[in-house]
Amino acid sequence: MFCGKVKEFLSQKGIRFTDRDVSRDEAALEELQALGLMTTPVTVIDDQTVVGYDRSLLEQLLG
């Protein structure tokens with residue numbers, strides 16, 4: 001549910017992103033685990049990690 005919200009938000013803003021499905025992509029799951037996380041969605045912007053759909057934080061990081 002929230003993964004779709006993040007993708008919709010980024011698309012509406014014209015932000016290009018890479019969609020990675022941890023249920024189908026073992027490398028993506030390993031990257032998630034390396035971040036110390038086991039939940040989705042996770043959005044990485046530069047060196048900042050946003051867990052969940054935090055619209056205000058996404059807007060802040062994207063300028």
# chains A, B, ... in the order shown; residues from 1 in each chain; ligands from 1
>>> residues_around(residues="Tyr53 of chain A", least_positions_apart="2", cutoff="6 Å", atoms="only C-alpha atoms", output="MDAnalysis selection string")
chainID A and resid 2 6 55
>>> write_last_selection(atoms="N, CA and C atoms", output="CSV table (one decimal), in the first residue's frame")
chain,number,residue,atom,x,y,z
A,2,PHE,N,1.8,1.4,1.0
A,2,PHE,CA,2.6,2.6,1.0
A,2,PHE,C,3.7,2.6,-0.1
A,6,VAL,N,4.4,6.0,-2.4
A,6,VAL,CA,5.7,6.6,-2.6
A,6,VAL,C,5.9,6.7,-4.2
A,55,ARG,N,5.7,11.9,3.5
A,55,ARG,CA,5.6,12.9,2.4
A,55,ARG,C,6.4,14.2,2.7
>>> select_by_dssp(residues="chain A", states="helix (DSSP H, G or I)", output="number ranges by chain")
A: 2-12, 26-34, 55-62
>>> residues_around(residues="Phe9 of chain A", least_positions_apart="3", cutoff="10 Å", atoms="only C-alpha atoms", output="PyMOL selection string")
chain A and resi 3-6+12-15+53+55+58-59
>>> residues_around(residues="Met38 of chain A", least_positions_apart="5", cutoff="10 Å", atoms="only C-alpha atoms", output="list of chain:residue names")
A:Val22, A:Leu29, A:Glu30, A:Leu32, A:Gln33
>>> write_last_selection(atoms="N, CA and C atoms", output="PDB file, in the first residue's frame")
ATOM      1  N   VAL A  22      11.786  -6.367  -3.103  1.00  0.00           N
ATOM      2  CA  VAL A  22      12.584  -7.255  -2.252  1.00  0.00           C
ATOM      3  C   VAL A  22      12.011  -8.664  -2.187  1.00  0.00           C
ATOM      4  N   LEU A  29      16.917  -7.262  -1.394  1.00  0.00           N
ATOM      5  CA  LEU A  29      16.658  -7.657  -0.006  1.00  0.00           C
ATOM      6  C   LEU A  29      17.936  -7.555   0.825  1.00  0.00           C
ATOM      7  N   GLU A  30      19.055  -7.986   0.264  1.00  0.00           N
ATOM      8  CA  GLU A  30      20.328  -7.909   0.976  1.00  0.00           C
ATOM      9  C   GLU A  30      20.719  -6.453   1.246  1.00  0.00           C
ATOM     10  N   LEU A  32      18.618  -3.976   1.626  1.00  0.00           N
ATOM     11  CA  LEU A  32      17.707  -3.527   2.672  1.00  0.00           C
ATOM     12  C   LEU A  32      18.213  -3.978   4.040  1.00  0.00           C
ATOM     13  N   GLN A  33      18.614  -5.233   4.119  1.00  0.00           N
ATOM     14  CA  GLN A  33      19.129  -5.778   5.371  1.00  0.00           C
ATOM     15  C   GLN A  33      20.424  -5.077   5.781  1.00  0.00           C
TER      16      GLN A  33
END
>>> closest_residue(among="A:Thr40, A:Ser23, A:Thr18, A:Gln48", to="Leu62 of chain A", atoms="only C-alpha atoms")
A:Gln48
>>> closest_residue(among="A:Met1, A:Leu61, A:Leu10, A:Val44", to="Glu31 of chain A", atoms="only C-alpha atoms")
A:Val44
>>> select_by_dssp(residues="chain A", states="strand (DSSP E or B)", output="list in words")
Val42, Thr43, Val44, Ile45, Gln48, Thr49, Val50 and Val51 of chain A
>>> write_last_selection(atoms="N, CA and C atoms", output="CSV table (one decimal), in the first residue's frame")
chain,number,residue,atom,x,y,z
A,42,VAL,N,11.3,1.7,1.4
A,42,VAL,CA,12.5,2.5,1.8
A,42,VAL,C,12.9,3.3,0.6
A,43,THR,N,13.1,4.6,0.8
A,43,THR,CA,13.5,5.5,-0.2
A,43,THR,C,14.9,6.1,0.2
A,44,VAL,N,15.9,5.9,-0.7
A,44,VAL,CA,17.2,6.5,-0.4
A,44,VAL,C,17.4,7.7,-1.3
A,45,ILE,N,17.6,8.8,-0.7
A,45,ILE,CA,17.9,10.1,-1.5
A,45,ILE,C,19.2,10.6,-1.0
A,48,GLN,N,20.5,9.9,2.6
A,48,GLN,CA,19.3,9.9,3.5
A,48,GLN,C,18.4,8.8,3.2
A,49,THR,N,17.9,8.1,4.3
A,49,THR,CA,17.0,7.0,4.1
A,49,THR,C,15.6,7.4,4.7
A,50,VAL,N,14.6,7.2,3.9
A,50,VAL,CA,13.2,7.5,4.4
A,50,VAL,C,12.5,6.1,4.5
A,51,VAL,N,12.0,5.8,5.6
A,51,VAL,CA,11.3,4.6,5.8
A,51,VAL,C,9.8,4.9,5.8
>>> atom_distance(atom1="atom CA of Asp21 of chain A", atom2="atom CA of Gln60 of chain A")
25.0 Å
>>> atom_distance(atom1="atom CA of Glu8 of chain A", atom2="atom CA of Asp46 of chain A")
19.8 Å
>>> atom_distance(atom1="atom CA of Leu57 of chain A", atom2="atom CA of Leu37 of chain A")
18.1 Å
